[in-house]
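Coordinates from input-v2.cif are shown below (mmCIF, C-alpha atoms).
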```cif
data_target
loop_
_atom_site.label_atom_id
_atom_site.label_comp_id
_atom_site.auth_asym_id
_atom_site.auth_seq_id
_atom_site.Cartn_x
_atom_site.Cartn_y
_atom_site.Cartn_z
CA ALA B 1 194.01 -76.48 131.66
CA ARG B 2 196.01 -77.02 128.47
CA GLN B 3 194.43 -80.42 127.85
CA GLN B 4 190.99 -78.95 128.41
CA HIS B 5 191.73 -76.17 125.93
CA ALA B 6 193.12 -78.68 123.41
CA GLU B 7 189.91 -80.72 123.65
CA PHE B 8 187.84 -77.58 123.21
CA ALA B 9 189.89 -76.53 120.18
CA GLY B 10 189.65 -80.00 118.63
CA LYS B 11 185.88 -80.12 119.08
CA ALA B 12 185.52 -76.60 117.71
CA ALA B 13 187.62 -77.47 114.66
CA LEU B 14 185.54 -80.59 114.02
CA ILE B 15 182.32 -78.57 114.25
CA GLY B 16 183.79 -76.02 111.86
CA ARG B 17 184.67 -78.74 109.33
CA ASN B 18 181.20 -80.23 109.67
CA ILE B 19 179.59 -76.83 109.09
CA HIS B 20 181.68 -76.53 105.94
CA ALA B 21 180.64 -80.02 104.80
CA THR B 22 176.99 -79.15 105.42
CA SER B 23 177.41 -75.94 103.44
CA THR B 24 178.82 -77.98 100.56
CA LYS B 25 175.78 -80.27 100.69
CA LEU B 26 173.57 -77.19 100.74
CA ALA B 27 175.24 -75.86 97.61
CA LYS B 28 174.55 -79.16 95.84
CA LEU B 29 170.96 -79.13 97.10
CA ALA B 30 170.52 -75.55 95.88
CA LYS B 31 171.76 -76.53 92.43
CA LEU B 32 169.32 -79.44 92.30
CA ALA B 33 166.43 -77.37 93.65
CA LYS B 34 166.88 -74.70 90.98
CA ARG B 35 166.27 -77.17 88.16
CA THR B 36 162.98 -76.51 86.43
CA SER B 37 162.84 -79.37 83.93
CA MET B 38 159.66 -81.42 84.14
CA PHE B 39 161.37 -84.50 82.79
CA ALA B 40 164.62 -84.65 84.77
CA ASP B 41 163.49 -83.67 88.26
CA PRO B 42 165.78 -85.46 90.77
CA VAL B 43 163.06 -85.84 93.44
CA THR B 44 164.64 -88.73 95.34
CA GLU B 45 168.09 -87.14 95.45
CA ILE B 46 166.61 -83.84 96.65
CA GLN B 47 164.57 -85.56 99.36
CA GLU B 48 167.54 -87.58 100.59
CA LEU B 49 169.88 -84.60 100.59
CA THR B 50 167.28 -82.47 102.35
CA ALA B 51 166.94 -85.08 105.10
CA VAL B 52 170.74 -85.33 105.48
CA VAL B 53 171.20 -81.55 105.69
CA LYS B 54 168.35 -81.24 108.19
CA ALA B 55 169.93 -83.94 110.37
CA ASP B 56 173.36 -82.31 110.01
CA ILE B 57 172.04 -78.92 111.14
CA LYS B 58 170.28 -80.50 114.11
CA ALA B 59 173.42 -82.42 115.13
CA LEU B 60 175.60 -79.32 114.72
CA ASN B 61 173.29 -77.30 116.97
CA VAL B 62 173.62 -79.99 119.64
CA ALA B 63 177.41 -80.15 119.19
CA ILE B 64 177.74 -76.37 119.57
CA GLU B 65 175.61 -76.40 122.71
CA GLU B 66 177.76 -79.21 124.13
CA LEU B 67 180.91 -77.31 123.21
CA GLN B 68 179.61 -74.23 124.96
CA ALA B 69 178.83 -76.31 128.06
CA THR B 70 182.35 -77.84 128.17
CA LYS B 71 184.01 -74.52 128.91
CA GLY B 72 185.51 -74.90 132.36
CA ALA B 73 187.16 -72.59 134.83
CA GLN B 74 189.81 -70.78 132.83
CA ASN B 75 191.53 -67.47 132.87
CA LYS B 76 189.61 -64.47 131.58
CA ASN B 77 191.35 -64.31 128.19
CA GLN B 78 190.81 -68.01 127.50
CA ALA B 79 187.15 -67.76 128.49
CA GLN B 80 186.69 -64.78 126.15
CA HIS B 81 188.43 -66.64 123.32
CA ASP B 82 186.27 -69.73 123.77
CA SER B 83 183.15 -67.59 123.88
CA THR B 84 184.20 -65.91 120.63
CA VAL B 85 184.84 -69.30 118.99
CA VAL B 86 181.40 -70.57 120.03
CA GLY B 87 179.80 -67.35 118.81
CA SER B 88 181.56 -67.68 115.47
CA LEU B 89 180.41 -71.29 115.07
CA LYS B 90 176.85 -70.28 115.95
CA THR B 91 176.96 -67.50 113.36
CA ARG B 92 178.27 -69.84 110.66
CA LEU B 93 175.62 -72.43 111.48
CA ALA B 94 172.90 -69.76 111.51
CA GLY B 95 174.04 -68.75 108.03
CA ALA B 96 173.87 -72.34 106.84
CA THR B 97 170.42 -72.71 108.39
CA GLN B 98 169.24 -69.58 106.61
CA ASP B 99 170.68 -70.88 103.33
CA PHE B 100 168.78 -74.13 103.92
CA LYS B 101 165.53 -72.21 104.34
CA VAL B 102 166.19 -70.31 101.11
CA VAL B 103 166.89 -73.56 99.25
CA LEU B 104 163.68 -75.09 100.57
CA GLN B 105 161.76 -72.02 99.39
CA GLN B 106 163.41 -72.28 95.96
CA ARG B 107 162.36 -75.93 95.79
CA THR B 108 158.80 -75.01 96.73
CA ASP B 109 158.77 -72.35 94.00
CA SER B 110 160.20 -74.82 91.50
CA LEU B 111 157.52 -77.37 92.37
CA ARG B 112 154.84 -74.73 91.83
CA VAL B 113 156.27 -74.03 88.38
CA HIS B 114 156.23 -77.79 87.65
CA GLN B 115 152.60 -78.07 88.74
CA GLY B 116 151.64 -75.07 86.63
CA ARG B 117 153.29 -76.59 83.59
CA GLN B 118 151.69 -79.96 84.19
CA GLN B 119 148.26 -78.37 84.51
CA MET B 120 148.86 -76.26 81.43
CA PHE B 121 149.75 -79.33 79.34
CA SER B 122 147.26 -81.75 80.89
CA ASN B 123 144.38 -79.26 80.57
CA ALA B 124 145.14 -78.64 76.91
CA SER B 125 142.16 -80.80 75.90
CA PRO B 126 141.67 -79.27 72.42
CA LEU B 127 145.01 -80.78 71.39
CA LYS B 128 144.19 -84.29 72.58
CA PRO B 129 141.35 -84.95 70.08
CA MET B 130 143.45 -83.49 67.30
CA LEU B 131 146.24 -85.94 68.07
CA GLY B 132 144.07 -88.98 68.79
CA ALA B 133 140.60 -89.65 67.40
CA PRO B 134 140.61 -87.46 64.25
CA ILE B 135 143.68 -89.26 62.92
CA ARG B 136 141.95 -92.61 63.34
CA ALA B 137 138.79 -91.30 61.70
CA ALA B 138 140.77 -89.77 58.86
CA SER B 139 142.75 -92.95 58.29
CA ALA B 140 139.60 -95.08 58.19
CA GLY B 141 138.01 -92.78 55.58
CA ARG B 142 141.01 -92.59 53.28
CA GLY B 143 142.70 -95.17 51.13
CA ALA B 144 145.07 -97.70 52.61
CA SER B 145 148.23 -95.82 51.66
CA ALA B 146 146.96 -92.52 53.09
CA GLY B 147 145.77 -94.26 56.25
CA GLU B 148 149.07 -95.98 56.72
CA ALA B 149 150.95 -92.73 56.14
CA ALA B 150 148.73 -90.81 58.59
CA GLY B 151 148.79 -93.48 61.27
CA ALA B 152 152.27 -94.89 60.89
CA GLY B 153 154.00 -92.09 62.77
CA ALA B 154 151.59 -92.36 65.69
CA GLY B 155 151.36 -96.13 65.57
CA LEU B 156 147.59 -95.92 65.00
CA GLY B 157 146.99 -96.99 61.38
CA GLU B 158 146.35 -100.62 60.60
CA GLY B 159 145.29 -100.49 57.08
#
```
Could you spell out this file's structure in structure tokens?
Amino acid sequence: ARQQHAEFAGKAALIGRNIHATSTKLAKLAKLAKRTSMFADPVTEIQELTAVVKADIKALNVAIEELQATKGAQNKNQAQHDSTVVGSLKTRLAGATQDFKVVLQQRTDSLRVHQGRQQMFSNASPLKPMLGAPIRAASAGRGASAGEAAGAGAGLGEG
């Protein structure tokens, strides 16, 4: 009975440590997902970390179910204690799972902001002609020094 309880306690402690490790990964994922910069979006890191956390949560659910199934014939107090431990682990994992859902929603919201910004800047067609063709036309019509000065900064003027 003592060996059985020791195995149960060891497995429960390992699950608890793994839940903590997953929560740490979630915190890192949340920090990455909250970024709103269009230029420094860590897409690959977010995707990899999301896959790892998802796999961790799935494995932890299986481990908790296995732990719950390993409870053997014990005295009433020990059975109650083991049930409480399993319940606590389930609650902690449910919290981590909920945090994961929140992080995924934050990432979705962040991506929507990115798309909105990209559309805003890519649909700004009145600015494109002002930056492109008119400078070329103006540099062709002016003297060489004015054309070079107008086109030099944009790399457009040849003479």
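Neighbours of B:Glu66 closer than or equal to 12 Å, with only C-alpha atoms counted and sequence neighbours fewer than 6 positions away skipped, come out as B:Phe8, B:Lys11, B:Ala12, B:Ile15, B:Ala59, B:Leu60, B:Val86.
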Between atom CA of B:Leu67 and atom CA of B:Ala51 - distance in Å to one decimal: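 These two atoms are separated by 24.2 Å.
The residue that comes closest to B:Asp99, out of B:Arg35, B:His114, B:Lys28, B:Lys76 and on the basis of all atoms listed in the file, is B:Lys28.
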To one decimal place in Å, what is the distance between atom CA of B:Val102 and atom CA of B:Ser83?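 Pair atom CA of B:Val102 / atom CA of B:Ser83 returns 28.5 Å.
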Show me the residues around (183.1, -80.6, 110.6) - criterion: an atom at most 12 Å away, only C-alpha atoms counted - as number ranges by chain. B: 10-24, 56-57, 59-60, 63-64, 89, 92-93
Record the distance separating atom CA of B:His81 and atom CA of B:His5, expressed in Å with one decimal.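 We find that atom CA of B:His81 and atom CA of B:His5 lie 10.4 Å from each other.
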Go through B:Val43, B:Ala30, B:Ala1, B:Leu104 and flag the residue nearest B:Asn75, using all atoms listed in the file for the distances. B:Ala1
For a cut-off of 9 Å around (197.1, -73.5, 127.4), file coordinates, pick out all residues using all atoms listed in the file and list them as an MDAnalysis selection string. chainID B and resid 1:6 78
Could you model all heavy atoms for stretch 111-122 of chain B and present them as an mmCIF file, keeping the file's coordinate frame?
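Saved file rebuild16.cif follows:
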```cif
data_model
loop_
_atom_site.group_PDB
_atom_site.id
_atom_site.type_symbol
_atom_site.label_atom_id
_atom_site.label_comp_id
_atom_site.auth_asym_id
_atom_site.auth_seq_id
_atom_site.Cartn_x
_atom_site.Cartn_y
_atom_site.Cartn_z
ATOM 1 N N LEU B 111 158.619 -76.409 92.437
ATOM 2 C CA LEU B 111 157.520 -77.370 92.370
ATOM 3 C C LEU B 111 156.235 -76.696 91.892
ATOM 4 O O LEU B 111 155.451 -77.291 91.149
ATOM 5 C CB LEU B 111 157.296 -78.036 93.726
ATOM 6 C CG LEU B 111 158.359 -79.048 94.135
ATOM 7 C CD1 LEU B 111 158.113 -79.538 95.556
ATOM 8 C CD2 LEU B 111 158.399 -80.217 93.165
ATOM 9 N N ARG B 112 156.023 -75.463 92.304
ATOM 10 C CA ARG B 112 154.840 -74.730 91.830
ATOM 11 C C ARG B 112 154.916 -74.508 90.321
ATOM 12 O O ARG B 112 153.909 -74.615 89.623
ATOM 13 C CB ARG B 112 154.726 -73.390 92.555
ATOM 14 C CG ARG B 112 154.230 -73.534 93.968
ATOM 15 C CD ARG B 112 153.943 -72.186 94.604
ATOM 16 N NE ARG B 112 153.606 -72.381 95.999
ATOM 17 C CZ ARG B 112 154.131 -71.714 97.000
ATOM 18 N NH1 ARG B 112 155.013 -70.756 96.761
ATOM 19 N NH2 ARG B 112 153.771 -71.955 98.239
ATOM 20 N N VAL B 113 156.097 -74.201 89.825
ATOM 21 C CA VAL B 113 156.270 -74.030 88.380
ATOM 22 C C VAL B 113 155.977 -75.352 87.670
ATOM 23 O O VAL B 113 155.283 -75.376 86.654
ATOM 24 C CB VAL B 113 157.705 -73.536 88.053
ATOM 25 C CG1 VAL B 113 157.998 -73.627 86.570
ATOM 26 C CG2 VAL B 113 157.897 -72.120 88.557
ATOM 27 N N HIS B 114 156.479 -76.477 88.231
ATOM 28 C CA HIS B 114 156.230 -77.790 87.650
ATOM 29 C C HIS B 114 154.726 -78.066 87.584
ATOM 30 O O HIS B 114 154.213 -78.510 86.559
ATOM 31 C CB HIS B 114 156.883 -78.906 88.472
ATOM 32 C CG HIS B 114 158.352 -78.995 88.331
ATOM 33 N ND1 HIS B 114 158.961 -79.638 87.289
ATOM 34 C CD2 HIS B 114 159.345 -78.533 89.118
ATOM 35 C CE1 HIS B 114 160.273 -79.568 87.433
ATOM 36 N NE2 HIS B 114 160.533 -78.896 88.539
ATOM 37 N N GLN B 115 154.039 -77.807 88.695
ATOM 38 C CA GLN B 115 152.600 -78.070 88.740
ATOM 39 C C GLN B 115 151.865 -77.201 87.729
ATOM 40 O O GLN B 115 150.944 -77.672 87.063
ATOM 41 C CB GLN B 115 152.059 -77.812 90.150
ATOM 42 C CG GLN B 115 152.486 -78.874 91.147
ATOM 43 C CD GLN B 115 152.066 -78.546 92.567
ATOM 44 O OE1 GLN B 115 151.739 -77.419 92.893
ATOM 45 N NE2 GLN B 115 152.092 -79.557 93.428
ATOM 46 N N GLY B 116 152.266 -75.955 87.609
ATOM 47 C CA GLY B 116 151.640 -75.070 86.630
ATOM 48 C C GLY B 116 151.832 -75.581 85.213
ATOM 49 O O GLY B 116 150.897 -75.573 84.408
ATOM 50 N N ARG B 117 153.027 -76.050 84.926
ATOM 51 C CA ARG B 117 153.290 -76.590 83.590
ATOM 52 C C ARG B 117 152.487 -77.855 83.336
ATOM 53 O O ARG B 117 151.940 -78.049 82.262
ATOM 54 C CB ARG B 117 154.784 -76.890 83.409
ATOM 55 C CG ARG B 117 155.626 -75.659 83.255
ATOM 56 C CD ARG B 117 157.064 -76.046 83.056
ATOM 57 N NE ARG B 117 157.917 -74.871 82.998
ATOM 58 C CZ ARG B 117 159.231 -74.921 83.061
ATOM 59 N NH1 ARG B 117 159.855 -76.077 83.182
ATOM 60 N NH2 ARG B 117 159.947 -73.818 83.009
ATOM 61 N N GLN B 118 152.447 -78.718 84.355
ATOM 62 C CA GLN B 118 151.690 -79.960 84.190
ATOM 63 C C GLN B 118 150.217 -79.657 83.955
ATOM 64 O O GLN B 118 149.594 -80.266 83.087
ATOM 65 C CB GLN B 118 151.849 -80.847 85.431
ATOM 66 C CG GLN B 118 153.194 -81.513 85.513
ATOM 67 C CD GLN B 118 153.382 -82.297 86.797
ATOM 68 O OE1 GLN B 118 152.687 -82.087 87.789
ATOM 69 N NE2 GLN B 118 154.346 -83.211 86.794
ATOM 70 N N GLN B 119 149.664 -78.726 84.698
ATOM 71 C CA GLN B 119 148.260 -78.370 84.510
ATOM 72 C C GLN B 119 148.053 -77.743 83.138
ATOM 73 O O GLN B 119 147.067 -78.029 82.466
ATOM 74 C CB GLN B 119 147.801 -77.413 85.607
ATOM 75 C CG GLN B 119 147.640 -78.096 86.942
ATOM 76 C CD GLN B 119 147.267 -77.126 88.047
ATOM 77 O OE1 GLN B 119 147.241 -75.925 87.838
ATOM 78 N NE2 GLN B 119 146.997 -77.663 89.223
ATOM 79 N N MET B 120 148.981 -76.915 82.731
ATOM 80 C CA MET B 120 148.860 -76.260 81.430
ATOM 81 C C MET B 120 148.821 -77.314 80.315
ATOM 82 O O MET B 120 147.997 -77.237 79.418
ATOM 83 C CB MET B 120 150.031 -75.299 81.210
ATOM 84 C CG MET B 120 149.961 -74.551 79.891
ATOM 85 S SD MET B 120 151.252 -73.310 79.724
ATOM 86 C CE MET B 120 152.725 -74.316 79.677
ATOM 87 N N PHE B 121 149.699 -78.326 80.400
ATOM 88 C CA PHE B 121 149.750 -79.330 79.340
ATOM 89 C C PHE B 121 148.660 -80.387 79.495
ATOM 90 O O PHE B 121 148.136 -80.890 78.512
ATOM 91 C CB PHE B 121 151.130 -79.989 79.286
ATOM 92 C CG PHE B 121 152.186 -79.064 78.764
ATOM 93 C CD1 PHE B 121 153.242 -78.658 79.565
ATOM 94 C CD2 PHE B 121 152.109 -78.577 77.468
ATOM 95 C CE1 PHE B 121 154.210 -77.792 79.080
ATOM 96 C CE2 PHE B 121 153.076 -77.707 76.972
ATOM 97 C CZ PHE B 121 154.123 -77.321 77.781
ATOM 98 N N SER B 122 148.297 -80.728 80.717
ATOM 99 C CA SER B 122 147.260 -81.750 80.890
ATOM 100 C C SER B 122 145.865 -81.188 80.647
ATOM 101 O O SER B 122 144.973 -81.913 80.276
ATOM 102 C CB SER B 122 147.343 -82.365 82.286
ATOM 103 O OG SER B 122 147.013 -81.400 83.266
#
```
